[in-house]
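Visitor: Let me begin by handing over the structure; questions about it come next.
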Amino acid sequence: MNASYHKYLLEFKRPSGTSRGIMTEKETWFIVLEENGKKGIGECGILRGLSADDREDYEEKLKWACDNIHLGETALWKALLEFPSIQFGIEMAFLSLKSENPYLLFPSNFTNNTSSIPINGLVWMGESAFMKQQIEEKLSDDFGCIKLKIGAIDFNKELELLQFIRSHFSQEEIEIRVDANGAFSSIEALDKLKQLNQFQLHSIEQPIKKGQVEEMAKLCRETPFPIALDEELIGVFSFEEKEKLLQEIRPQYIILKPSFIGGFKGTQEWITLAEKYNIGWWITSALESNIGLNAIAQWTFTLNSDMPQGLGTGALYTNNIECPLEVKKGQLWYNASKKWSSF
């Protein structure tokens with residue numbers, strides 16, 4: 001078996017804003033396995049400034065993984081514990097190599113195009129007029145769940161945007177999630193949650209920055225509506241550490257991004273623990289290309305969750321790899337009549 005890797009820069013169609021700044025491009029890496037005339041491909045979806053494996057020796061570790069591919073998937077996963085995006089790329093590449101079709105990793109009613117995955121419509125940060133335009137687009141596209149990134153513009157303007165949605169659609173008609181990306185201070189967070197609560201929100205992701213375990217635990221006890229941990233899970237590698245974190249904070253939900261938490265295996269560990277402690281969860285992509293998004297979507301369908309998932313990121317880039325995934329009326333479908341572009 002031969003293994004190689006290469007870098008790929010994804011270009012955003014338009015700058016995309018979070019509380020951590022504006023993104024115009026997204027770096028990703030692909031691992032390609034070759035054996036007996038077959039190829040397998042996996043994506044290492046690192047996000048600079050956020051991923052636990054955003055380290056100077058990242059490419060060096062990628063090279064090490066390819067040079068030691070003979071060790072096998074299980075041994076490599078253990079050796080790459082502090083490099084979750086490479087763990088995921090390796091998992092994906094081995095699955096791809098073993099599959100009859102390198103992009104058909106988990107055959108199901110989803111890949112047969114007879115069932116779909118409900119997803120949230122993502123509204124990026126920006127000027128209020130731009131955010132309002134995105135909201136109107138998502139509503140006209142029949143999304144039943146909208147997720148707004150908040151924390152970058154004036155808070156009162158964000159409240160006005162939520163009021164705009166609620167003035168037209170009830171809680172039963174449109175589910176609203178918000179994602180603060182850690183933008184609130186621990187001092188102001190509870191007051192802001194109380195102000196947000198008037199809009200019957202489903203949940204808020206990561207209201208305060210990660211690493212403030214006591215403050216987050218207190219917030220989860222006192223919050224008027226559910227809190228979902230997101231960044232808080234990044235860099236928590238062992239099963240024991242994961243359990244300790246959930247025991248201490250006791251969130252209402254956790255958000256699972258396989259590229260950030262060790263691929264399918266790492267994500268399954270979090271799911272097992274979440275269900276043990278009666279914590280809800282859903283799966284979200286982490287701005288991967290369609291290679292990674294495809295793998296995540298196919299696997300997510302097998303989990304049989306009826307919650308809207310965060311998998312609507314495939315149309316963000318000008319130079320994404322063309323694939324069968326398509327979004328229609330707030331659902332992600334796998335249109336098998338659409339082909340993958342050569343890669």
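Chain identifiers are assigned as A, B, and so on, following the order in which chains appear in the structure tokens; residues are numbered from 1 within each chain, and ligands are numbered from 1 in order of appearance.
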Could you pull out the strand (DSSP E or B) residues of region 41-267 of chain A from DSSP and send them as a VMD selection string?
Guide: chain A and resid 41 to 44 117 to 119 121 to 123 125 145 to 149 175 to 179 183 to 184 203 to 205 208 227 to 229 253 to 256
Visitor: Store the residues picked out above in a file with C-alpha atoms, as a tab-separated table (two decimals), in the first residue's frame.
Guide:
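Saved to selection.tsv:
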chain	number	residue	atom	x	y	z
A	41	ILE	CA	-9.21	9.20	-0.35
A	42	GLY	CA	-9.61	10.86	3.04
A	43	GLU	CA	-9.77	14.48	4.12
A	44	CYS	CA	-7.90	15.98	7.06
A	117	ILE	CA	-31.11	14.21	6.33
A	118	PRO	CA	-32.79	17.28	7.89
A	119	ILE	CA	-30.25	20.11	8.22
A	121	GLY	CA	-29.82	26.65	7.37
A	122	LEU	CA	-26.66	28.51	8.36
A	123	VAL	CA	-26.69	32.32	8.59
A	125	MET	CA	-22.26	36.93	10.67
A	145	CYS	CA	-34.36	25.08	11.35
A	146	ILE	CA	-32.13	28.16	11.09
A	147	LYS	CA	-28.80	28.65	12.84
A	148	LEU	CA	-27.49	32.20	13.31
A	149	LYS	CA	-23.94	33.02	14.21
A	175	GLU	CA	-36.59	26.22	15.03
A	176	ILE	CA	-33.89	28.79	15.79
A	177	ARG	CA	-30.42	27.90	17.00
A	178	VAL	CA	-27.76	30.50	17.73
A	179	ASP	CA	-24.00	30.05	17.92
A	183	ALA	CA	-18.30	35.62	22.25
A	184	PHE	CA	-19.94	36.43	25.62
A	203	SER	CA	-30.32	26.26	21.93
A	204	ILE	CA	-27.18	28.37	22.02
A	205	GLU	CA	-23.77	26.97	21.14
A	208	ILE	CA	-18.58	31.65	26.63
A	227	ILE	CA	-26.76	25.24	25.98
A	228	ALA	CA	-24.72	23.17	23.50
A	229	LEU	CA	-20.99	22.68	23.93
A	253	TYR	CA	-26.41	19.28	24.17
A	254	ILE	CA	-23.03	18.68	22.56
A	255	ILE	CA	-22.08	19.51	18.96
A	256	LEU	CA	-19.94	16.88	17.26
Visitor: Contacts of Arg221 (chain A) at 9 Å or less, counting only C-alpha atoms, minus same-chain residues fewer than 4 places along, as a list in words?
Guide: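 Residues meeting the cut-off are Met216, Ala217, Ile249, Arg250 and Pro251 of chain A.
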Visitor: Could you write out the selected residues, including N, CA, C and O atoms, as an mmCIF file, in the first residue's frame?
Guide:
data_model
loop_
_atom_site.group_PDB
_atom_site.id
_atom_site.type_symbol
_atom_site.label_atom_id
_atom_site.label_comp_id
_atom_site.auth_asym_id
_atom_site.auth_seq_id
_atom_site.Cartn_x
_atom_site.Cartn_y
_atom_site.Cartn_z
ATOM 1 N N MET A 216 -19.036 27.588 32.950
ATOM 2 C CA MET A 216 -19.945 26.955 31.997
ATOM 3 C C MET A 216 -20.918 26.024 32.711
ATOM 4 O O MET A 216 -22.109 25.968 32.362
ATOM 5 N N ALA A 217 -20.437 25.303 33.713
ATOM 6 C CA ALA A 217 -21.315 24.411 34.480
ATOM 7 C C ALA A 217 -22.419 25.218 35.164
ATOM 8 O O ALA A 217 -23.602 24.832 35.173
ATOM 9 N N ILE A 249 -19.677 19.651 33.588
ATOM 10 C CA ILE A 249 -20.471 20.741 33.008
ATOM 11 C C ILE A 249 -21.948 20.390 32.901
ATOM 12 O O ILE A 249 -22.812 21.235 33.108
ATOM 13 N N ARG A 250 -22.273 19.152 32.564
ATOM 14 C CA ARG A 250 -23.658 18.708 32.379
ATOM 15 C C ARG A 250 -24.430 19.611 31.410
ATOM 16 O O ARG A 250 -25.466 20.197 31.757
ATOM 17 N N PRO A 251 -23.942 19.733 30.170
ATOM 18 C CA PRO A 251 -24.651 20.562 29.188
ATOM 19 C C PRO A 251 -25.942 19.884 28.749
ATOM 20 O O PRO A 251 -26.144 18.680 28.963
#
Visitor: With only C-alpha atoms as the counted atoms, please give the residues lying no more than 12 Å from Glu172 (chain A), apart from itself and same-chain residues fewer than 6 positions off, as a list in words.
Guide: Gly144, Cys145, Arg166, Phe199, Gln200, Leu201 and His202 of chain A
Visitor: Applying 12 Å and only C-alpha atoms, which residues near Gly314 (chain A) remain after dropping the ones on its own chain fewer than 3 positions away? List them as a count of residues only.
Guide: 33
Visitor: My list of candidates is A:Met307, A:Leu193, A:Leu159, A:Ala295. Which is closest to Pro107 (chain A) when distances are computed with only C-alpha atoms?
Guide: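 Of all the options, A:Ala295 lies closest to Pro107 (chain A).
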Visitor: Can you pull out the residues contacting Ala93 (chain A)? Cut-off 9 Å, using only C-alpha atoms, and skip same-chain residues under 3 positions away; I want them as a PyMOL selection string.
Guide: chain A and resi 30-33+39-43+88-90+96-98+102
Visitor: Please return, as number ranges by chain, all residues of region 226-336 of chain A that DSSP assigns to helix (DSSP H, G or I) on the basis of the backbone.
Guide: A: 231-233, 239-249, 263-276, 290-302
Visitor: Print the selection's residues with N, CA and C atoms to a file, as a compact mmCIF listing (two decimals), in the first residue's frame.
Guide:
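Once written, result_31.txt looks like this:
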# COMPACT_ATOMS: atom_id res chain seq x y z
N GLU A 231 -16.83 24.24 20.90
CA GLU A 231 -15.37 24.37 21.06
C GLU A 231 -14.87 23.69 22.33
N GLU A 232 -15.74 23.59 23.33
CA GLU A 232 -15.36 22.99 24.61
C GLU A 232 -14.82 21.56 24.45
N LEU A 233 -15.25 20.87 23.39
CA LEU A 233 -14.86 19.48 23.19
C LEU A 233 -13.50 19.35 22.51
N PHE A 239 -10.98 9.05 26.49
CA PHE A 239 -12.35 8.74 26.90
C PHE A 239 -12.60 9.23 28.32
N GLU A 240 -11.60 9.07 29.18
CA GLU A 240 -11.73 9.48 30.59
C GLU A 240 -11.88 10.99 30.71
N GLU A 241 -11.12 11.73 29.91
CA GLU A 241 -11.22 13.20 29.93
C GLU A 241 -12.58 13.65 29.42
N LYS A 242 -13.08 12.97 28.41
CA LYS A 242 -14.39 13.31 27.86
C LYS A 242 -15.48 13.12 28.91
N GLU A 243 -15.42 11.99 29.60
CA GLU A 243 -16.44 11.72 30.62
C GLU A 243 -16.36 12.74 31.75
N LYS A 244 -15.16 13.07 32.17
CA LYS A 244 -14.97 14.04 33.25
C LYS A 244 -15.57 15.39 32.88
N LEU A 245 -15.35 15.82 31.64
CA LEU A 245 -15.87 17.12 31.20
C LEU A 245 -17.40 17.13 31.23
N LEU A 246 -18.02 16.08 30.71
CA LEU A 246 -19.48 16.04 30.68
C LEU A 246 -20.06 15.93 32.09
N GLN A 247 -19.39 15.21 32.97
CA GLN A 247 -19.84 15.10 34.35
C GLN A 247 -19.79 16.46 35.05
N GLU A 248 -18.74 17.22 34.76
CA GLU A 248 -18.56 18.50 35.44
C GLU A 248 -19.50 19.58 34.91
N ILE A 249 -19.68 19.65 33.59
CA ILE A 249 -20.47 20.74 33.01
C ILE A 249 -21.95 20.39 32.90
N GLY A 263 -12.57 11.88 14.29
CA GLY A 263 -13.26 11.09 13.29
C GLY A 263 -14.46 10.32 13.83
N PHE A 264 -14.80 9.24 13.15
CA PHE A 264 -15.97 8.44 13.54
C PHE A 264 -15.78 7.84 14.93
N LYS A 265 -14.60 7.31 15.18
CA LYS A 265 -14.35 6.65 16.47
C LYS A 265 -14.43 7.66 17.62
N GLY A 266 -13.75 8.80 17.45
CA GLY A 266 -13.79 9.82 18.50
C GLY A 266 -15.19 10.37 18.72
N THR A 267 -15.93 10.55 17.64
CA THR A 267 -17.30 11.05 17.75
C THR A 267 -18.20 10.04 18.44
N GLN A 268 -18.02 8.76 18.11
CA GLN A 268 -18.84 7.73 18.73
C GLN A 268 -18.60 7.67 20.24
N GLU A 269 -17.37 7.93 20.68
CA GLU A 269 -17.10 7.97 22.12
C GLU A 269 -17.92 9.06 22.79
N TRP A 270 -17.96 10.24 22.18
CA TRP A 270 -18.77 11.33 22.74
C TRP A 270 -20.26 10.97 22.76
N ILE A 271 -20.74 10.32 21.70
CA ILE A 271 -22.16 9.95 21.65
C ILE A 271 -22.49 8.95 22.77
N THR A 272 -21.62 7.97 22.94
CA THR A 272 -21.82 6.97 24.00
C THR A 272 -21.94 7.64 25.36
N LEU A 273 -21.04 8.58 25.64
CA LEU A 273 -21.07 9.28 26.92
C LEU A 273 -22.27 10.22 27.04
N ALA A 274 -22.60 10.90 25.96
CA ALA A 274 -23.75 11.81 25.98
C ALA A 274 -25.03 11.05 26.33
N GLU A 275 -25.19 9.88 25.71
CA GLU A 275 -26.40 9.10 25.98
C GLU A 275 -26.39 8.54 27.39
N LYS A 276 -25.22 8.25 27.91
CA LYS A 276 -25.10 7.78 29.30
C LYS A 276 -25.60 8.85 30.28
N ASN A 290 -16.30 18.77 -0.09
CA ASN A 290 -17.34 17.76 -0.26
C ASN A 290 -16.83 16.34 -0.01
N ILE A 291 -15.52 16.12 -0.05
CA ILE A 291 -14.97 14.80 0.27
C ILE A 291 -15.30 14.45 1.72
N GLY A 292 -14.94 15.36 2.62
CA GLY A 292 -15.21 15.12 4.04
C GLY A 292 -16.68 15.21 4.37
N LEU A 293 -17.38 16.19 3.77
CA LEU A 293 -18.81 16.35 4.04
C LEU A 293 -19.58 15.10 3.64
N ASN A 294 -19.22 14.51 2.51
CA ASN A 294 -19.86 13.29 2.04
C ASN A 294 -19.71 12.16 3.05
N ALA A 295 -18.50 11.98 3.57
CA ALA A 295 -18.25 10.92 4.56
C ALA A 295 -19.05 11.16 5.83
N ILE A 296 -19.05 12.41 6.30
CA ILE A 296 -19.78 12.73 7.53
C ILE A 296 -21.28 12.52 7.33
N ALA A 297 -21.82 12.98 6.20
CA ALA A 297 -23.25 12.85 5.95
C ALA A 297 -23.68 11.39 5.87
N GLN A 298 -22.92 10.58 5.13
CA GLN A 298 -23.28 9.16 5.01
C GLN A 298 -23.27 8.47 6.37
N TRP A 299 -22.27 8.78 7.18
CA TRP A 299 -22.18 8.16 8.51
C TRP A 299 -23.29 8.67 9.42
N THR A 300 -23.56 9.97 9.36
CA THR A 300 -24.60 10.57 10.21
C THR A 300 -25.95 9.90 9.97
N PHE A 301 -26.26 9.60 8.71
CA PHE A 301 -27.55 8.97 8.42
C PHE A 301 -27.69 7.64 9.15
N THR A 302 -26.59 6.91 9.30
CA THR A 302 -26.65 5.60 9.95
C THR A 302 -26.94 5.71 11.45
Visitor: Using only C-alpha atoms, find the one residue out of A:Tyr5, A:Phe225, A:Phe130, A:Trp29 that sits nearest to Gln252 (chain A).
Guide: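 For Gln252 (chain A), the nearest of the candidates is A:Phe225.
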